[in-house]
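Containing mmCIF, C-alpha atoms: model26.cif.
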```
data_my_file
loop_
_atom_site.label_atom_id
_atom_site.label_comp_id
_atom_site.auth_asym_id
_atom_site.auth_seq_id
_atom_site.Cartn_x
_atom_site.Cartn_y
_atom_site.Cartn_z
CA MET A 194 16.86 -10.15 -16.91
CA SER A 195 15.91 -13.66 -17.77
CA ASP A 196 17.24 -15.14 -14.57
CA LEU A 197 15.08 -12.83 -12.55
CA GLY A 198 12.07 -14.84 -13.47
CA PHE A 199 13.91 -18.09 -13.46
CA ASP A 200 15.67 -18.32 -10.16
CA PRO A 201 12.84 -18.11 -7.68
CA THR A 202 10.99 -20.94 -9.34
CA LEU A 203 14.03 -23.14 -9.08
CA LYS A 204 14.43 -22.29 -5.44
CA LYS A 205 10.82 -23.04 -4.71
CA LYS A 206 10.91 -26.36 -6.42
CA LYS A 207 14.00 -27.31 -4.53
CA LYS A 208 12.32 -26.64 -1.25
CA ALA A 209 9.09 -28.25 -2.22
CA LYS A 210 10.79 -31.28 -3.66
CA LYS A 211 12.55 -32.47 -0.54
CA PRO A 212 9.72 -33.63 1.69
CA GLU A 213 8.06 -35.23 -1.29
CA GLU A 214 11.16 -37.32 -1.95
CA ALA A 215 11.41 -38.42 1.62
CA GLY A 216 7.78 -39.42 1.57
CA SER A 217 8.17 -41.55 -1.53
CA ALA A 218 11.31 -43.24 -0.26
CA SER A 219 10.11 -44.40 3.12
CA PRO A 220 7.11 -46.56 2.24
CA ALA A 221 9.14 -48.74 -0.13
CA PRO A 222 9.87 -52.24 1.21
CA GLU A 223 13.67 -52.21 0.83
CA ALA A 224 13.78 -48.58 1.72
CA VAL A 225 16.90 -48.80 3.84
CA ASP A 226 18.98 -50.63 1.27
CA GLU A 227 17.92 -48.37 -1.48
CA LEU A 228 18.54 -45.30 0.54
CA PHE A 229 22.06 -46.43 1.27
CA ALA A 230 22.65 -47.25 -2.33
CA SER A 231 21.54 -43.86 -3.44
CA LEU A 232 23.64 -42.24 -0.75
CA LYS A 233 26.78 -43.97 -1.99
CA LYS A 234 26.08 -42.96 -5.49
CA LYS A 235 25.51 -39.41 -4.55
CA LYS A 236 28.76 -39.25 -2.69
CA LYS A 237 30.55 -40.24 -5.81
CA ALA A 238 28.60 -37.79 -7.83
CA LYS A 239 29.43 -34.97 -5.51
CA LYS A 240 33.02 -34.16 -6.44
CA PRO A 241 32.60 -32.97 -9.99
CA GLU A 242 29.65 -30.89 -8.95
CA ASP A 243 31.77 -29.01 -6.49
CA GLY A 244 34.24 -28.18 -9.20
CA THR A 245 31.59 -26.76 -11.43
CA GLU A 246 30.16 -24.72 -8.66
CA LYS A 247 33.43 -22.99 -8.00
CA ALA A 248 34.15 -22.42 -11.62
CA GLY A 249 30.69 -21.38 -12.65
CA SER A 250 29.86 -19.18 -9.70
CA PRO A 251 29.54 -15.91 -11.62
CA ASP A 252 26.39 -17.01 -13.32
CA LEU A 253 23.80 -18.54 -11.11
CA GLU A 254 21.59 -19.79 -13.81
CA ASP A 255 24.46 -21.48 -15.60
CA LEU A 256 25.49 -23.02 -12.36
CA SER A 257 22.21 -24.65 -11.63
CA ALA A 258 21.87 -25.77 -15.22
CA SER A 259 25.31 -27.37 -15.30
CA LEU A 260 24.69 -28.89 -11.92
CA GLY A 261 21.54 -30.42 -13.19
CA ASP A 262 23.25 -31.82 -16.26
CA LEU A 263 26.03 -33.36 -14.26
CA ALA A 264 23.71 -34.92 -11.79
CA LEU A 265 21.66 -36.37 -14.59
CA LYS A 266 24.67 -37.90 -16.33
CA LYS A 267 26.03 -39.44 -13.18
CA LYS A 268 22.74 -40.91 -12.32
CA LYS A 269 22.33 -42.57 -15.66
CA LYS A 270 25.74 -44.22 -15.42
CA LYS A 271 25.09 -45.49 -11.95
CA VAL A 272 21.67 -46.67 -12.87
CA ALA A 273 23.24 -48.95 -15.44
CA LYS A 274 25.62 -50.44 -12.87
CA SER A 275 23.50 -51.21 -9.85
CA SER A 276 20.44 -53.08 -10.89
CA ASP A 277 18.53 -53.17 -7.66
CA ALA A 278 18.34 -49.40 -7.28
CA VAL A 279 17.13 -48.98 -10.83
CA ASP A 280 13.51 -49.39 -10.08
CA PHE A 281 13.62 -47.06 -7.18
CA GLU A 282 15.43 -44.37 -9.09
CA GLN A 283 13.07 -44.60 -11.97
CA GLN A 284 10.11 -44.39 -9.70
CA LEU A 285 11.61 -41.41 -8.04
CA GLU A 286 12.26 -39.68 -11.28
CA GLU A 287 8.86 -40.44 -12.60
CA ALA A 288 7.25 -39.15 -9.50
CA GLY A 289 9.37 -36.05 -9.66
CA LEU A 290 8.54 -35.50 -13.28
CA GLU A 291 4.86 -35.93 -12.73
CA ASP A 292 4.74 -33.64 -9.80
CA THR A 293 6.99 -30.81 -10.84
CA GLY A 294 6.34 -31.06 -14.52
CA SER A 295 9.90 -30.01 -15.40
CA ALA A 296 12.96 -32.18 -15.68
CA SER A 297 15.35 -29.61 -14.33
CA ALA A 298 13.77 -29.54 -10.91
CA THR A 299 14.53 -33.15 -10.14
CA PRO A 300 18.30 -33.13 -10.50
CA THR A 301 18.71 -29.92 -8.54
CA GLY A 302 16.74 -31.39 -5.69
CA GLU A 303 18.92 -34.49 -5.84
CA SER A 304 22.13 -32.52 -5.87
CA THR A 305 21.34 -30.61 -2.73
CA GLU A 306 20.51 -33.84 -1.01
CA SER A 307 23.76 -35.38 -2.14
CA LEU A 308 25.74 -32.44 -0.81
CA GLN A 309 23.93 -32.75 2.44
CA SER A 310 24.89 -36.36 2.79
CA THR A 311 28.57 -35.46 2.52
CA GLY A 312 28.62 -33.35 5.63
CA MET A 313 27.21 -29.93 4.77
CA THR A 314 24.24 -29.05 6.88
CA TYR A 315 21.14 -27.40 5.58
CA GLU A 316 22.11 -24.14 7.27
CA ASP A 317 25.50 -24.14 5.56
CA LEU A 318 23.94 -24.78 2.21
CA LEU A 319 21.32 -22.14 2.75
CA SER A 320 23.86 -19.51 3.74
CA ARG A 321 26.07 -20.45 0.82
CA PHE A 322 23.15 -20.21 -1.54
CA PHE A 323 22.32 -16.77 -0.27
CA ASP A 324 25.97 -15.70 -0.44
CA ILE A 325 26.11 -16.66 -4.08
CA LEU A 326 22.78 -15.08 -4.75
CA LYS A 327 23.82 -11.88 -3.02
CA THR A 328 27.03 -11.54 -5.00
CA ASN A 329 25.38 -12.22 -8.32
CA ASN A 330 22.01 -10.60 -8.17
CA PRO A 331 21.42 -8.85 -4.87
CA GLU A 332 17.90 -7.72 -5.66
CA LEU A 333 16.72 -11.31 -5.36
CA ALA A 334 18.30 -11.82 -1.96
CA GLY A 335 15.99 -9.56 -0.04
CA ASP A 336 17.66 -6.18 -0.57
CA ARG A 337 15.12 -4.38 -2.61
CA SER A 338 17.06 -1.21 -3.02
CA GLY A 339 20.66 -2.21 -3.49
CA PRO A 340 22.66 -0.85 -0.58
CA LYS A 341 20.53 -0.77 2.52
CA PHE A 342 19.27 2.59 3.64
CA ARG A 343 20.96 3.65 6.79
CA ILE A 344 19.78 6.78 8.42
CA PRO A 345 22.40 8.32 10.63
CA PRO A 346 21.13 8.83 14.16
CA PRO A 347 20.07 12.40 14.82
CA VAL A 348 22.70 14.45 16.59
CA CYS A 349 21.20 16.87 19.08
CA GLN A 350 23.19 19.33 21.08
CA ARG A 351 21.96 21.88 23.50
CA GLU A 352 22.55 25.43 22.47
CA GLY A 353 22.17 27.55 25.51
CA SER A 354 19.39 26.43 27.76
CA LYS A 355 16.37 26.88 25.53
CA LYS A 356 17.49 25.82 22.09
CA THR A 357 18.52 22.55 20.51
CA LEU A 358 21.03 22.16 17.73
CA PHE A 359 20.08 19.47 15.28
CA ALA A 360 23.42 18.98 13.57
CA ASN A 361 22.82 16.44 10.83
CA VAL A 362 19.52 17.45 9.26
CA GLN A 363 21.21 17.90 5.92
CA ASP A 364 22.76 14.43 6.00
CA ILE A 365 19.49 12.80 6.95
CA ALA A 366 17.64 14.70 4.26
CA THR A 367 20.13 13.60 1.62
CA VAL A 368 19.93 9.98 2.74
CA LEU A 369 16.15 10.14 2.56
CA GLN A 370 16.38 11.90 -0.82
CA ARG A 371 14.17 14.68 0.38
CA ASN A 372 14.44 18.40 0.27
CA PRO A 373 15.89 19.53 3.63
CA GLU A 374 13.36 22.34 3.73
CA HIS A 375 10.52 19.88 3.54
CA LEU A 376 11.94 17.86 6.40
CA ILE A 377 12.53 20.96 8.49
CA GLN A 378 9.03 22.16 7.82
CA PHE A 379 7.71 18.85 9.02
CA LEU A 380 9.85 19.00 12.15
CA PHE A 381 8.58 22.45 12.99
CA ALA A 382 4.97 21.45 12.50
CA GLU A 383 5.29 18.25 14.44
CA LEU A 384 7.26 19.62 17.35
CA GLY A 385 5.19 22.76 17.49
CA THR A 386 8.19 25.02 17.51
CA SER A 387 10.07 27.32 15.24
CA GLY A 388 13.73 27.63 14.47
CA SER A 389 16.35 28.61 11.99
CA ILE A 390 19.31 27.26 10.06
CA ASP A 391 22.73 28.47 11.16
CA GLY A 392 25.86 29.12 9.12
CA GLU A 393 26.94 25.48 8.97
CA LYS A 394 23.51 24.38 7.76
CA ARG A 395 22.56 23.01 11.12
CA LEU A 396 19.06 23.38 12.42
CA VAL A 397 18.43 25.38 15.56
CA LEU A 398 15.17 24.41 17.21
CA LYS A 399 13.47 26.34 19.95
CA GLY A 400 12.87 24.09 22.91
CA LYS A 401 14.66 21.14 24.44
CA PHE A 402 14.66 17.91 22.50
CA GLN A 403 16.44 14.65 23.08
CA PRO A 404 17.84 12.59 20.18
CA LYS A 405 15.38 9.86 21.07
CA GLN A 406 12.47 12.20 20.60
CA MET A 407 13.84 13.42 17.29
CA GLU A 408 14.17 9.83 16.20
CA SER A 409 10.51 9.08 16.74
CA VAL A 410 9.54 12.18 14.80
CA LEU A 411 11.89 11.22 11.99
CA ARG A 412 10.41 7.76 11.96
CA ARG A 413 6.97 9.25 11.48
CA TYR A 414 8.29 11.44 8.68
CA ILE A 415 9.77 8.43 6.94
CA ILE A 416 6.55 6.47 7.19
CA GLU A 417 4.49 9.37 5.93
CA TYR A 418 6.72 10.92 3.30
CA VAL A 419 9.46 8.48 2.34
CA THR A 420 8.42 4.85 2.27
CA CYS A 421 6.35 3.51 -0.56
CA LYS A 422 3.13 2.08 0.82
CA THR A 423 2.88 -0.64 -1.77
CA CYS A 424 6.40 -2.08 -1.74
CA LYS A 425 7.87 -0.59 1.45
CA SER A 426 10.83 0.72 -0.50
CA MET A 427 12.58 3.87 0.61
CA ASN A 428 13.77 4.66 -2.88
CA THR A 429 11.14 7.25 -3.61
CA GLU A 430 10.77 10.72 -4.94
CA LEU A 431 8.59 13.55 -3.72
CA LYS A 432 7.24 15.70 -6.50
CA ARG A 433 5.06 18.73 -6.37
CA GLU A 434 2.39 18.94 -9.00
CA SER A 435 2.17 22.56 -9.95
CA ALA A 436 -1.28 22.14 -11.48
CA ASN A 437 -3.13 21.14 -8.33
CA ARG A 438 -0.48 22.06 -5.74
CA LEU A 439 -0.40 18.57 -4.31
CA HIS A 440 2.62 16.55 -3.33
CA PHE A 441 2.99 13.18 -4.93
CA LEU A 442 5.25 10.39 -3.79
CA SER A 443 6.45 8.21 -6.62
CA CYS A 444 8.36 5.02 -5.98
CA ARG A 445 11.49 4.33 -8.00
CA ALA A 446 11.38 0.62 -7.24
CA CYS A 447 7.84 -0.30 -8.17
CA GLY A 448 6.64 2.82 -9.95
CA SER A 449 3.56 3.43 -7.87
CA THR A 450 2.44 6.94 -7.06
CA ARG A 451 0.42 8.21 -4.16
CA SER A 452 -0.52 11.61 -2.91
CA VAL A 453 0.73 12.73 0.47
CA SER A 454 -0.94 15.20 2.72
CA SER A 455 0.61 18.59 2.95
CA ILE A 456 2.30 19.58 6.18
CA LYS A 457 -0.06 21.44 8.42
CA THR A 458 0.93 23.09 11.62
CA GLY A 459 -2.60 23.14 12.95
CA PHE A 460 -3.56 24.94 16.07
CA GLN A 461 -0.74 26.67 17.89
CA ALA A 462 -1.47 27.73 21.41
CA GLN A 463 -0.40 31.09 22.60
CA ILE A 464 2.67 30.61 24.73
CA GLY A 465 4.48 33.21 26.72
CA ARG A 466 3.59 36.81 26.65
CA ARG A 467 0.26 37.65 25.20
CA LYS A 468 -0.11 39.94 22.26
CA ARG A 469 -1.16 43.42 23.14
CA ALA A 470 -4.55 44.21 21.76
CA MET B 262 2.56 -29.74 -4.36
CA SER B 263 0.33 -29.80 -7.38
CA THR B 264 -1.45 -26.56 -6.52
CA ILE B 265 0.08 -23.48 -5.10
CA GLN B 266 -1.95 -22.80 -2.02
CA ASN B 267 -0.88 -19.22 -1.57
CA LEU B 268 -2.70 -18.06 -4.62
CA ASN B 269 -6.27 -19.04 -3.96
CA ALA B 270 -6.44 -17.85 -0.37
CA PHE B 271 -6.29 -14.15 -1.07
CA ASP B 272 -8.41 -12.13 -3.41
CA PRO B 273 -6.55 -8.93 -4.26
CA PHE B 274 -9.69 -7.19 -5.45
CA ALA B 275 -11.74 -7.87 -2.37
CA ASP B 276 -12.73 -5.06 -0.09
CA THR B 277 -10.01 -4.37 2.42
CA GLY B 278 -12.37 -3.38 5.18
CA ASP B 279 -11.61 0.30 5.57
CA SER B 280 -14.47 1.83 3.67
CA GLU B 281 -13.48 5.46 3.46
CA ALA B 282 -9.83 5.59 2.52
CA GLN B 283 -8.98 8.87 4.20
CA PRO B 284 -11.15 10.29 6.91
CA THR B 285 -10.85 14.03 6.60
CA ASN B 286 -12.01 14.85 10.09
CA TYR B 287 -8.92 13.88 12.02
CA ILE B 288 -8.58 14.68 15.67
CA HIS B 289 -5.13 16.11 16.20
CA ILE B 290 -3.53 15.85 19.59
CA ARG B 291 -0.44 18.00 19.82
CA ILE B 292 2.11 18.95 22.40
CA GLN B 293 3.87 22.23 22.83
CA GLN B 294 6.80 23.02 25.02
CA ARG B 295 6.53 25.84 27.44
CA ASN B 296 9.17 27.26 29.65
CA GLY B 297 11.16 24.79 31.67
CA ARG B 298 9.85 21.27 31.55
CA LYS B 299 6.28 22.40 31.25
CA THR B 300 4.16 21.37 28.32
CA LEU B 301 0.76 22.02 26.86
CA THR B 302 -1.53 19.54 25.12
CA THR B 303 -3.99 20.70 22.50
CA VAL B 304 -6.85 18.63 21.14
CA GLN B 305 -8.12 19.90 17.83
CA GLY B 306 -11.03 18.68 15.74
CA VAL B 307 -13.34 17.00 18.19
CA PRO B 308 -16.64 16.48 16.33
CA ASN B 309 -19.31 19.09 16.89
CA GLU B 310 -21.88 16.73 18.34
CA TYR B 311 -19.87 16.45 21.54
CA ASP B 312 -20.14 19.05 24.23
CA LEU B 313 -16.60 20.29 24.64
CA LYS B 314 -17.35 21.93 27.95
CA LYS B 315 -18.44 18.67 29.49
CA ILE B 316 -15.51 16.79 28.00
CA LEU B 317 -13.13 19.35 29.39
CA LYS B 318 -14.67 19.08 32.81
CA VAL B 319 -14.17 15.32 32.84
CA LEU B 320 -10.66 15.55 31.43
CA LYS B 321 -9.60 18.08 34.00
CA LYS B 322 -10.85 15.92 36.80
CA ASP B 323 -9.42 12.70 35.36
CA PHE B 324 -5.96 13.98 34.58
CA ALA B 325 -5.79 16.35 37.53
CA CYS B 326 -4.74 19.27 35.39
CA ASN B 327 -6.13 22.56 34.36
CA GLY B 328 -7.38 23.31 30.90
CA ASN B 329 -9.57 25.55 28.84
CA ILE B 330 -11.31 25.88 25.52
CA VAL B 331 -9.83 28.18 22.93
CA LYS B 332 -11.87 29.38 19.99
CA ASP B 333 -9.93 29.54 16.76
CA GLU B 334 -11.25 31.20 13.65
CA GLU B 335 -10.31 28.42 11.24
CA LEU B 336 -10.05 25.36 13.40
CA GLY B 337 -13.05 25.79 15.63
CA GLU B 338 -12.86 25.08 19.31
CA VAL B 339 -9.71 23.55 20.70
CA ILE B 340 -9.18 22.00 24.11
CA GLN B 341 -6.00 23.00 25.89
CA LEU B 342 -4.67 21.00 28.77
CA GLN B 343 -1.69 21.52 30.98
CA GLY B 344 1.04 18.94 30.81
CA ASP B 345 1.65 16.06 28.45
CA GLN B 346 -1.75 14.38 28.29
CA ARG B 347 -1.54 13.03 24.73
CA VAL B 348 -1.77 9.32 25.44
CA LYS B 349 -4.40 9.79 28.11
CA VAL B 350 -6.53 11.98 25.88
CA SER B 351 -6.43 9.53 22.99
CA GLU B 352 -7.34 6.73 25.37
CA PHE B 353 -10.24 8.74 26.68
CA LEU B 354 -11.49 9.56 23.22
CA THR B 355 -11.41 5.95 22.10
CA THR B 356 -12.85 4.34 25.20
CA GLN B 357 -15.34 6.89 26.53
CA LEU B 358 -16.47 8.51 23.29
CA GLN B 359 -16.04 5.48 21.02
CA LEU B 360 -14.13 7.41 18.42
CA PRO B 361 -12.21 5.28 15.93
CA LYS B 362 -8.51 5.19 16.64
CA LYS B 363 -7.53 5.84 13.03
CA ASN B 364 -9.18 9.24 13.23
CA ILE B 365 -6.89 10.31 16.04
CA LYS B 366 -3.45 11.58 15.23
CA ILE B 367 -0.92 12.16 17.95
CA HIS B 368 1.77 14.65 17.05
CA GLY B 369 4.93 15.72 18.71
CA PHE B 370 7.98 13.81 19.85
#
```
Take the structure from the file and write it as structure tokens.
Amino acid sequence: MSDLGFDPTLKKKKKAKKPEEAGSASPAPEAVDELFASLKKKKKAKKPEDGTEKAGSPDLEDLSASLGDLALKKKKKKVAKSSDAVDFEQQLEEAGLEDTGSASATPTGESTESLQSTGMTYEDLLSRFFDILKTNNPELAGDRSGPKFRIPPPVCQREGSKKTLFANVQDIATVLQRNPEHLIQFLFAELGTSGSIDGEKRLVLKGKFQPKQMESVLRRYIIEYVTCKTCKSMNTELKRESANRLHFLSCRACGSTRSVSSIKTGFQAQIGRRKRA
Amino acid sequence: MSTIQNLNAFDPFADTGDSEAQPTNYIHIRIQQRNGRKTLTTVQGVPNEYDLKKILKVLKKDFACNGNIVKDEELGEVIQLQGDQRVKVSEFLTTQLQLPKKNIKIHGF
């Protein structure tokens, strides 16, 4: 994954470059003229870039590279033609080179600016950039774990007047990649009840519980036993070390491991009829 | 531009502030359902230096509920209160007794 390391730097430089350019352009004496000149040029330079973007969309790195090349070529031609913008352009480039230290950063910064001048707003560009990034390498575009984890909302039905049917424990456990028994054990401990699993693998809890209440308990379970504390990923695995009988949570995304506390029911008050001595 | 400012602001090896990573003496506040819409709150693991009897007396008066102390073989003495008093109890423990909030765990829905 060479582009994994490469792309973010490009992005950063692009962002960082812009204000710097604006700053260097404004103090110049014939700033307005020069700005217009550069705008015209960039409009001309825009068309071929668009073509390459469409054609080269599968590979992001290629895209930016080719973009950079094109922009460079165009600029050099234009520089030869219009003499009064030469100085300004050179200054710009020099400044860019000094500051960023890499030649590739300058043209990419230019190209975005040129696109902007032809009618695309920053928001459009940003969304397009993220669209392309998402299609090509989604792990860079914010989704750390591929498809986003969606936990189905807990389905609670009343069974009789004293029991609650928790219909989709199995689904939730599979989404969380946890053993259903572990989840059920946690639910029992946390809700201070007992229960059983019926024929269709649904959970029957003693007591009345609303879906909202179950949700908050599930949320606590996820924080405690599913999410990785270091990278916040939900793509984790719960392993039981047979040597020391401890549960360990290992993250599949970042590889970190941490121990989790075992489920303890704690004190259970005596409810209902007392035991006969 | 020339220096990345994010990097020098944060020292990853500095002390994070929480000295003991996992306090073992948690105070657990739990809720149990009784018949109907009645509930029971249990407070387990209050440190020994506090007089549970006096705490209970104040709690009962403050929350206008009944309660008692149950002695458990493993878990020591546990306060039982009628009704859902979890939030109120944790507030009491933090404000009146100055117990750190991270030592208190509220269970239940």
### Task
Any chance you could resolve the PyMOL selection byres ((chain A) within 8 of (chain B)) against this file and give the residues as a PyMOL selection string?
chain A and resi 209+292-293+383-386+400+406-407+409-410+459-460+462+464-465
How would the residues just picked look written out with C-alpha atoms as a short mmCIF file (atom, residue, chain, number, x, y, z; two decimals), in the coordinates of the input?
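Done, and the output landed in selection_24.cif:
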```
data_model
loop_
_atom_site.label_atom_id
_atom_site.label_comp_id
_atom_site.auth_asym_id
_atom_site.auth_seq_id
_atom_site.Cartn_x
_atom_site.Cartn_y
_atom_site.Cartn_z
CA ALA A 209 9.09 -28.25 -2.22
CA ASP A 292 4.74 -33.64 -9.80
CA THR A 293 6.99 -30.81 -10.84
CA GLU A 383 5.29 18.25 14.44
CA LEU A 384 7.26 19.62 17.35
CA GLY A 385 5.19 22.76 17.49
CA THR A 386 8.19 25.02 17.51
CA GLY A 400 12.87 24.09 22.91
CA GLN A 406 12.47 12.20 20.60
CA MET A 407 13.84 13.42 17.29
CA SER A 409 10.51 9.08 16.74
CA VAL A 410 9.54 12.18 14.80
CA GLY A 459 -2.60 23.14 12.95
CA PHE A 460 -3.56 24.94 16.07
CA ALA A 462 -1.47 27.73 21.41
CA ILE A 464 2.67 30.61 24.73
CA GLY A 465 4.48 33.21 26.72
#
```
### Query
Distance CA of Leu442 in chain A-CA of Tyr418 in chain A, one decimal place?
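Between these atoms lies a distance of 7.3 Å.
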### Query
How far is it from CA of Thr420 in chain A to CA of Glu352 in chain B, in Å with one decimal?
28.0 Å
### Task
One decimal, Å: what's the distance from CA of Ile288 in chain B over to CA of Ala436 in chain A, could you say?
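Computed distance, CA of Ile288 in chain B to CA of Ala436 in chain A, equals 29.1 Å.
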### Task
Using the chain letters and numbering of this document, enumerate as a PyMOL selection string the residues selected by the PyMOL selection byres ((chain B and resi 312-325) around 8).
chain B and resi 307+309-311+326-330+340+342+346+349-350
### Residue contacts of Lys432 in chain A (12 Å, all atoms listed in the file) excluding same-chain residues fewer than 4 positions away, as number ranges by chain
A: 370-372, 375, 418-419, 436-444, 450-453, 455
### Task
Check what the PyMOL selection byres ((chain A and resi 445) around 6) selects in the file above and give those residues as a list of chain:residue names.
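For this structure, the PyMOL selection byres ((chain A and resi 445) around 6) captures A:Asn428, A:Thr429, A:Cys444, A:Ala446, A:Cys447, A:Gly448.
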For those residues, write C-alpha atoms to a file as a CSV table (one decimal), keeping the file's coordinate frame.
```csv
chain,number,residue,atom,x,y,z
A,428,ASN,CA,13.8,4.7,-2.9
A,429,THR,CA,11.1,7.2,-3.6
A,444,CYS,CA,8.4,5.0,-6.0
A,446,ALA,CA,11.4,0.6,-7.2
A,447,CYS,CA,7.8,-0.3,-8.2
A,448,GLY,CA,6.6,2.8,-10.0
```
### Message
I'd like the neighbourhood of range 391-395 of chain A as a ChimeraX atom specification, where a residue qualifies if any of its atoms comes within 12 Å (using all atoms listed in the file), though same-chain residues fewer than 3 positions away should be ignored.
### Response
/A:347-350,352,357-366,373-374,377,388,398
